[in-house]
file coords03.cif (mmCIF, C-alpha atoms)
data_start
#
loop_
_atom_site.group_PDB
_atom_site.id
_atom_site.type_symbol
_atom_site.label_atom_id
_atom_site.label_comp_id
_atom_site.auth_asym_id
_atom_site.auth_seq_id
_atom_site.Cartn_x
_atom_site.Cartn_y
_atom_site.Cartn_z
ATOM 1 C CA MET A 17 149.907 -19.932 101.314
ATOM 2 C CA ASN A 18 149.375 -20.553 97.638
ATOM 3 C CA THR A 19 149.696 -24.203 96.630
ATOM 4 C CA GLN A 20 151.261 -24.937 93.285
ATOM 5 C CA ARG A 21 149.518 -27.356 90.949
ATOM 6 C CA PHE A 22 152.145 -27.590 88.209
ATOM 7 C CA TYR A 23 155.315 -26.885 90.206
ATOM 8 C CA LYS A 24 157.043 -28.387 93.224
ATOM 9 C CA LYS A 25 158.859 -25.899 95.451
ATOM 10 C CA GLU A 26 162.387 -26.840 96.574
ATOM 11 C CA GLY A 27 163.826 -23.904 98.497
ATOM 12 C CA SER A 28 163.927 -20.957 96.107
ATOM 13 C CA GLN A 29 163.434 -23.224 93.088
ATOM 14 C CA TYR A 30 160.172 -24.250 91.490
ATOM 15 C CA VAL A 31 160.494 -27.503 89.528
ATOM 16 C CA PHE A 32 157.834 -28.216 86.923
ATOM 17 C CA LYS A 33 156.085 -31.529 87.568
ATOM 18 C CA ASN A 34 156.280 -33.674 84.461
ATOM 19 C CA GLN A 35 152.886 -34.921 83.318
ATOM 20 C CA PRO A 36 152.952 -38.724 83.107
ATOM 21 C CA VAL A 37 149.445 -39.314 81.703
ATOM 22 C CA PHE A 38 150.162 -38.258 78.109
ATOM 23 C CA ILE A 39 153.473 -40.116 77.892
ATOM 24 C CA SER A 40 151.982 -43.202 79.559
ATOM 25 C CA VAL A 41 149.164 -43.422 77.019
ATOM 26 C CA LEU A 42 151.606 -42.918 74.156
ATOM 27 C CA VAL A 43 153.999 -45.574 75.507
ATOM 28 C CA LEU A 44 151.159 -48.074 75.951
ATOM 29 C CA ILE A 45 149.943 -47.511 72.383
ATOM 30 C CA PHE A 46 153.456 -47.964 70.991
ATOM 31 C CA LEU A 47 154.045 -51.073 73.112
ATOM 32 C CA ALA A 48 150.759 -52.585 71.909
ATOM 33 C CA ILE A 49 151.710 -51.954 68.276
ATOM 34 C CA GLY A 50 155.172 -53.407 68.892
ATOM 35 C CA VAL A 51 153.802 -56.560 70.513
ATOM 36 C CA LEU A 52 151.154 -57.065 67.813
ATOM 37 C CA THR A 53 153.679 -56.745 64.981
ATOM 38 C CA PHE A 54 156.509 -58.673 66.663
ATOM 39 C CA ASN A 55 155.973 -61.994 64.841
ATOM 40 C CA ASN A 56 155.265 -60.485 61.410
ATOM 41 C CA VAL A 57 157.603 -57.498 61.187
ATOM 42 C CA ARG A 58 160.276 -58.033 63.799
ATOM 43 C CA ILE A 59 162.538 -55.153 62.694
ATOM 44 C CA LEU A 60 159.653 -52.672 62.926
ATOM 45 C CA SER A 61 158.797 -53.991 66.385
ATOM 46 C CA LEU A 62 162.374 -53.552 67.583
ATOM 47 C CA ILE A 63 162.410 -49.987 66.245
ATOM 48 C CA ILE A 64 159.147 -49.285 68.061
ATOM 49 C CA PHE A 65 160.568 -50.722 71.310
ATOM 50 C CA ALA A 66 163.656 -48.505 70.902
ATOM 51 C CA LEU A 67 161.371 -45.478 70.453
ATOM 52 C CA VAL A 68 159.531 -46.420 73.644
ATOM 53 C CA VAL A 69 162.820 -46.511 75.547
ATOM 54 C CA ILE A 70 163.788 -43.091 74.164
ATOM 55 C CA MET A 71 160.359 -41.658 75.078
ATOM 56 C CA VAL A 72 160.678 -42.920 78.657
ATOM 57 C CA LEU A 73 164.247 -41.593 78.964
ATOM 58 C CA ASN A 74 163.125 -38.214 77.604
ATOM 59 C CA PHE A 75 160.314 -38.092 80.150
ATOM 60 C CA PHE A 76 162.778 -38.447 83.010
ATOM 61 C CA ALA A 77 165.411 -36.159 81.424
ATOM 62 C CA LYS A 78 163.021 -33.259 80.736
ATOM 63 C CA LYS A 79 163.181 -30.472 83.285
ATOM 64 C CA PHE A 80 161.988 -26.907 83.726
ATOM 65 C CA VAL A 81 163.181 -25.045 86.822
ATOM 66 C CA ILE A 82 162.423 -21.479 87.901
ATOM 67 C CA ASP A 83 164.918 -20.136 90.447
ATOM 68 C CA THR A 84 163.437 -17.056 92.104
ATOM 69 C CA GLU A 85 166.585 -16.270 94.084
ATOM 70 C CA ARG A 86 168.916 -16.212 91.073
ATOM 71 C CA GLN A 87 166.120 -14.900 88.781
ATOM 72 C CA THR A 88 166.777 -17.633 86.209
ATOM 73 C CA ILE A 89 164.893 -20.285 84.283
ATOM 74 C CA THR A 90 166.629 -23.537 83.367
ATOM 75 C CA GLY A 91 165.172 -25.929 80.844
ATOM 76 C CA LYS A 92 166.137 -29.218 79.261
ATOM 77 C CA ALA A 93 163.819 -30.580 76.581
ATOM 78 C CA SER A 94 165.286 -34.055 76.036
ATOM 79 C CA ILE A 95 168.287 -36.308 76.472
ATOM 80 C CA PHE A 96 169.674 -35.022 73.164
ATOM 81 C CA VAL A 97 169.609 -31.316 74.109
ATOM 82 C CA PRO A 98 171.787 -29.777 76.842
ATOM 83 C CA ALA A 99 170.176 -27.737 79.625
ATOM 84 C CA LYS A 100 169.969 -23.994 78.995
ATOM 85 C CA THR A 101 169.610 -21.238 81.565
ATOM 86 C CA TYR A 102 167.997 -17.859 80.890
ATOM 87 C CA SER A 103 167.553 -14.747 83.001
ATOM 88 C CA PHE A 104 164.120 -13.342 83.827
ATOM 89 C CA GLN A 105 165.308 -10.156 82.089
ATOM 90 C CA ASP A 106 165.588 -12.050 78.772
ATOM 91 C CA PHE A 107 161.938 -13.205 78.959
ATOM 92 C CA THR A 108 159.752 -11.847 76.141
ATOM 93 C CA ASN A 109 156.470 -13.790 76.099
ATOM 94 C CA PHE A 110 154.603 -17.088 76.289
ATOM 95 C CA GLU A 111 153.394 -19.014 73.249
ATOM 96 C CA VAL A 112 150.378 -21.305 73.175
ATOM 97 C CA LEU A 113 150.200 -23.763 70.295
ATOM 98 C CA ALA A 114 146.948 -25.684 69.834
ATOM 99 C CA MET A 115 146.836 -28.675 67.518
ATOM 100 C CA LYS A 116 143.461 -29.360 65.969
ATOM 101 C CA TYR A 117 142.052 -32.440 64.298
ATOM 102 C CA MET A 118 139.849 -31.758 61.246
ATOM 103 C CA GLY A 119 140.106 -28.050 62.006
ATOM 104 C CA PHE A 120 137.929 -27.945 65.116
ATOM 105 C CA ILE A 121 138.699 -30.733 67.615
ATOM 106 C CA THR A 122 141.594 -29.755 69.904
ATOM 107 C CA THR A 123 143.933 -32.720 70.382
ATOM 108 C CA ASN A 124 146.851 -31.086 72.197
ATOM 109 C CA VAL A 125 147.801 -27.654 73.531
ATOM 110 C CA MET A 126 151.440 -26.817 74.219
ATOM 111 C CA LEU A 127 152.963 -23.956 76.222
ATOM 112 C CA SER A 128 156.382 -22.463 75.475
ATOM 113 C CA ILE A 129 158.271 -19.542 76.957
ATOM 114 C CA HIS A 130 160.307 -17.212 74.720
ATOM 115 C CA PHE A 131 163.538 -15.374 75.449
ATOM 116 C CA GLU A 132 165.685 -12.915 73.532
ATOM 117 C CA VAL A 133 169.374 -13.403 74.248
ATOM 118 C CA ASN A 134 171.924 -11.248 72.392
ATOM 119 C CA GLY A 135 169.401 -10.540 69.632
ATOM 120 C CA LYS A 136 168.562 -14.239 69.169
ATOM 121 C CA HIS A 137 165.099 -15.647 69.831
ATOM 122 C CA GLU A 138 165.078 -18.852 71.867
ATOM 123 C CA LYS A 139 162.276 -20.843 73.442
ATOM 124 C CA LEU A 140 161.726 -23.552 76.016
ATOM 125 C CA SER A 141 158.787 -25.904 76.151
ATOM 126 C CA ILE A 142 157.034 -25.794 79.529
ATOM 127 C CA GLY A 143 154.200 -28.290 79.279
ATOM 128 C CA GLN A 144 151.167 -29.542 77.420
ATOM 129 C CA ALA A 145 147.528 -30.262 78.106
ATOM 130 C CA LEU A 146 144.327 -31.178 76.329
ATOM 131 C CA THR A 147 142.558 -27.850 76.869
ATOM 132 C CA ARG A 148 143.423 -24.166 76.683
ATOM 133 C CA ARG A 149 141.984 -23.701 80.173
ATOM 134 C CA GLU A 150 144.675 -25.942 81.678
ATOM 135 C CA ILE A 151 147.365 -24.110 79.710
ATOM 136 C CA GLN A 152 146.026 -20.769 80.962
ATOM 137 C CA LYS A 153 146.284 -22.058 84.544
ATOM 138 C CA MET A 154 149.869 -23.119 83.773
ATOM 139 C CA VAL A 155 150.659 -19.629 82.412
ATOM 140 C CA ASN A 156 149.094 -17.946 85.460
ATOM 141 C CA GLU A 157 151.060 -20.124 87.866
ATOM 142 C CA THR A 158 154.315 -19.496 85.984
ATOM 143 C CA GLU A 159 153.665 -15.734 85.972
ATOM 144 C CA ASP A 160 152.943 -15.802 89.705
ATOM 145 C CA ILE A 161 156.221 -17.605 90.407
ATOM 146 C CA MET A 162 158.197 -15.222 88.179
ATOM 147 C CA ASN A 163 156.330 -12.293 89.758
ATOM 148 C CA ILE A 164 155.497 -10.705 86.393
ATOM 149 C CA ASN A 165 152.307 -9.011 85.204
ATOM 150 C CA THR A 166 151.782 -7.386 88.575
ATOM 151 C CA PRO A 167 150.255 -3.890 88.728
ATOM 152 C CA GLY A 168 152.933 -1.246 88.276
ATOM 153 C CA ASP A 169 155.387 -3.663 86.641
ATOM 154 C CA GLU A 170 156.885 -2.173 83.493
ATOM 155 C CA ARG A 171 157.380 -5.670 82.061
ATOM 156 C CA ASN A 172 153.616 -6.270 81.759
ATOM 157 C CA ARG A 173 153.110 -8.468 78.690
ATOM 158 C CA PRO A 174 150.016 -10.069 77.189
ATOM 159 C CA LEU A 175 149.779 -13.785 76.398
#
call {"tool": "encode", "arguments": {"input": "coords03.cif", "output": "structure tokens"}}
result
Amino acid sequence: MNTQRFYKKEGSQYVFKNQPVFISVLVLIFLAIGVLTFNNVRILSLIIFALVVIMVLNFFAKKFVIDTERQTITGKASIFVPAKTYSFQDFTNFEVLAMKYMGFITTNVMLSIHFEVNGKHEKLSIGQALTRREIQKMVNETEDIMNINTPGDERNRPL
């Protein structure tokens, strides 16, 4: 039995586990700035507090679900974007985006999955990490769940 690190299995569905560490650190930083500026710049503080509420709501609204029975992937990026469902057949590739500070220090790595539906390119964000190694583990786990890149599979695609 293979245990999933990034997904929680619920029947035939694999639900991506949201990563609370990054959002928690960001929320704490914003809250600290809001509290420190509350007496001097009250309007800015209120805007910062509103952003914190939106960030927390987005954390709980974000979802990424792989349904192996229906062969679909459903994703919702935020409270402002409706959920979209794509077929495994529409999958084209994964995208890894690494953000660097001063050109050489990696600060964030993000993983997205791309689809081509009716000639239109669309993508869903899966997750993020601090290192490429963690993102590669996320890609491998997602590929295993989708059962792609197996020997003899004509849909073999590189990262």
call {"tool": "resolve_selection", "arguments": {"input": "coords03.cif", "expression": "the PyMOL selection byres ((chain A and resi 115) around 12)", "output": "ChimeraX atom specification"}}
result
/A:112-114,116-127,144-148
call {"tool": "closest_residue", "arguments": {"input": "coords03.cif", "among": "A:Ser40, A:Gln29, A:Gln20, A:Ser103", "to": "Val72 of chain A", "atoms": "only C-alpha atoms"}}
result
A:Ser40
call {"tool": "resolve_selection", "arguments": {"input": "coords03.cif", "expression": "the PyMOL selection byres ((chain A and resi 138) around 10)", "output": "list of chain:residue names"}}
result
A:Tyr102, A:Asp106, A:Phe107, A:Thr108, A:Ile129, A:His130, A:Phe131, A:Glu132, A:Val133, A:Gly135, A:Lys136, A:His137, A:Lys139, A:Leu140
call {"tool": "closest_residue", "arguments": {"input": "coords03.cif", "among": "A:Gly50, A:Phe75, A:Thr158, A:Asn56", "to": "Val37 of chain A", "atoms": "only C-alpha atoms"}}
result
A:Phe75
call {"tool": "closest_residue", "arguments": {"input": "coords03.cif", "among": "A:Val57, A:Val81, A:Val43, A:Leu52", "to": "Val69 of chain A", "atoms": "all atoms listed in the file"}}
result
A:Val43
call {"tool": "atom_distance", "arguments": {"input": "coords03.cif", "atom1": "atom CA of Glu111 of chain A", "atom2": "atom CA of Gly27 of chain A"}}
result
27.8 Å
call {"tool": "resolve_selection", "arguments": {"input": "coords03.cif", "expression": "the PyMOL selection byres ((chain A and resi 34) around 8)", "output": "NGL selection string"}}
result
:A and (32-33 or 35-36 or 75 or 78-79 or 143)
call {"tool": "atom_distance", "arguments": {"input": "coords03.cif", "atom1": "atom CA of Ala99 of chain A", "atom2": "atom CA of Phe65 of chain A"}}
result
26.3 Å
call {"tool": "residues_near_point", "arguments": {"input": "coords03.cif", "point": "(165.5, -41.8, 76.2)", "cutoff": "12 Å", "atoms": "all atoms listed in the file", "output": "JSON, numbers by chain"}}
result
{"A": [65, 66, 67, 68, 69, 70, 71, 72, 73, 74, 75, 76, 77, 78, 93, 94, 95, 96, 97]}
call {"tool": "write_last_selection", "arguments": {"input": "coords03.cif", "atoms": "C-alpha atoms", "output": "PDB file, in the frame of the given file"}}
result
ATOM      1  CA  PHE A  65     160.568 -50.722  71.310  1.00  0.00           C
ATOM      2  CA  ALA A  66     163.656 -48.505  70.902  1.00  0.00           C
ATOM      3  CA  LEU A  67     161.371 -45.478  70.453  1.00  0.00           C
ATOM      4  CA  VAL A  68     159.531 -46.420  73.644  1.00  0.00           C
ATOM      5  CA  VAL A  69     162.820 -46.511  75.547  1.00  0.00           C
ATOM      6  CA  ILE A  70     163.788 -43.091  74.164  1.00  0.00           C
ATOM      7  CA  MET A  71     160.359 -41.658  75.078  1.00  0.00           C
ATOM      8  CA  VAL A  72     160.678 -42.920  78.657  1.00  0.00           C
ATOM      9  CA  LEU A  73     164.247 -41.593  78.964  1.00  0.00           C
ATOM     10  CA  ASN A  74     163.125 -38.214  77.604  1.00  0.00           C
ATOM     11  CA  PHE A  75     160.314 -38.092  80.150  1.00  0.00           C
ATOM     12  CA  PHE A  76     162.778 -38.447  83.010  1.00  0.00           C
ATOM     13  CA  ALA A  77     165.411 -36.159  81.424  1.00  0.00           C
ATOM     14  CA  LYS A  78     163.021 -33.259  80.736  1.00  0.00           C
ATOM     15  CA  ALA A  93     163.819 -30.580  76.581  1.00  0.00           C
ATOM     16  CA  SER A  94     165.286 -34.055  76.036  1.00  0.00           C
ATOM     17  CA  ILE A  95     168.287 -36.308  76.472  1.00  0.00           C
ATOM     18  CA  PHE A  96     169.674 -35.022  73.164  1.00  0.00           C
ATOM     19  CA  VAL A  97     169.609 -31.316  74.109  1.00  0.00           C
TER      20      VAL A  97
END
call {"tool": "atom_distance", "arguments": {"input": "coords03.cif", "atom1": "atom CA of Glu150 of chain A", "atom2": "atom CA of Ile89 of chain A"}}
result
21.2 Å
call {"tool": "closest_residue", "arguments": {"input": "coords03.cif", "among": "A:Glu159, A:Phe54, A:Ser28, A:Arg149", "to": "Gln87 of chain A", "atoms": "only C-alpha atoms"}}
result
A:Ser28
call {"tool": "closest_residue", "arguments": {"input": "coords03.cif", "among": "A:Tyr30, A:Phe104, A:Phe46, A:Phe110", "to": "Ile82 of chain A", "atoms": "all atoms listed in the file"}}
result
A:Tyr30
call {"tool": "closest_residue", "arguments": {"input": "coords03.cif", "among": "A:Leu44, A:Met162, A:Ile49, A:Leu62", "to": "Arg86 of chain A", "atoms": "all atoms listed in the file"}}
result
A:Met162
call {"tool": "decode", "arguments": {"input": "coords03.cif", "residues": "segment 36-100 of chain A", "atoms": "C-alpha atoms", "output": "short mmCIF file (atom, residue, chain, number, x, y, z; two decimals), in the first residue's frame"}}
result
data_model
loop_
_atom_site.label_atom_id
_atom_site.label_comp_id
_atom_site.auth_asym_id
_atom_site.auth_seq_id
_atom_site.Cartn_x
_atom_site.Cartn_y
_atom_site.Cartn_z
CA PRO A 36 -0.90 25.65 5.95
CA VAL A 37 2.72 26.60 6.77
CA PHE A 38 3.22 29.13 3.96
CA ILE A 39 -0.16 30.81 4.44
CA SER A 40 0.27 30.84 8.23
CA VAL A 41 3.61 32.64 8.00
CA LEU A 42 2.19 35.12 5.51
CA VAL A 43 -0.89 35.79 7.67
CA LEU A 44 1.25 36.32 10.77
CA ILE A 45 3.50 38.80 8.94
CA PHE A 46 0.49 40.74 7.63
CA LEU A 47 -1.18 40.73 11.06
CA ALA A 48 2.02 42.03 12.68
CA ILE A 49 2.24 44.86 10.14
CA GLY A 50 -1.45 45.65 10.64
CA VAL A 51 -1.13 45.78 14.43
CA LEU A 52 2.05 47.89 14.31
CA THR A 53 0.51 50.46 11.96
CA PHE A 54 -2.96 50.53 13.55
CA ASN A 55 -2.49 53.73 15.58
CA ASN A 56 -0.61 55.67 12.88
CA VAL A 57 -2.27 54.61 9.63
CA ARG A 58 -5.61 53.14 10.56
CA ILE A 59 -6.97 52.86 6.99
CA LEU A 60 -3.89 50.90 5.88
CA SER A 61 -4.27 48.60 8.88
CA LEU A 62 -7.92 47.92 8.06
CA ILE A 63 -6.98 47.13 4.46
CA ILE A 64 -4.29 44.74 5.68
CA PHE A 65 -6.78 43.03 8.03
CA ALA A 66 -9.22 42.65 5.11
CA LEU A 67 -6.43 41.06 3.04
CA VAL A 68 -5.74 38.63 5.88
CA VAL A 69 -9.40 37.60 5.93
CA ILE A 70 -9.36 37.07 2.15
CA MET A 71 -6.14 35.02 2.39
CA VAL A 72 -7.65 32.77 5.06
CA LEU A 73 -10.89 32.35 3.09
CA ASN A 74 -8.89 31.50 -0.04
CA PHE A 75 -6.92 28.89 1.88
CA PHE A 76 -10.11 27.08 2.85
CA ALA A 77 -11.78 27.57 -0.57
CA LYS A 78 -8.85 26.23 -2.62
CA LYS A 79 -9.25 22.64 -3.75
CA PHE A 80 -7.66 20.19 -6.14
CA VAL A 81 -9.34 16.80 -6.54
CA ILE A 82 -8.34 13.88 -8.76
CA ASP A 83 -11.19 11.43 -9.37
CA THR A 84 -9.74 8.18 -10.70
CA GLU A 85 -13.14 6.59 -11.30
CA ARG A 86 -14.49 9.42 -13.47
CA GLN A 87 -10.99 10.20 -14.85
CA THR A 88 -11.34 13.89 -14.01
CA ILE A 89 -9.46 16.63 -12.20
CA THR A 90 -11.39 19.39 -10.44
CA GLY A 91 -9.70 22.55 -9.26
CA LYS A 92 -10.71 25.77 -7.57
CA ALA A 93 -7.99 28.37 -7.06
CA SER A 94 -9.81 30.91 -4.87
CA ILE A 95 -13.14 32.21 -3.65
CA PHE A 96 -13.31 34.48 -6.71
CA VAL A 97 -12.90 31.70 -9.30
CA PRO A 98 -15.47 28.94 -9.89
CA ALA A 99 -14.39 25.29 -9.78
CA LYS A 100 -13.40 23.78 -13.13
#
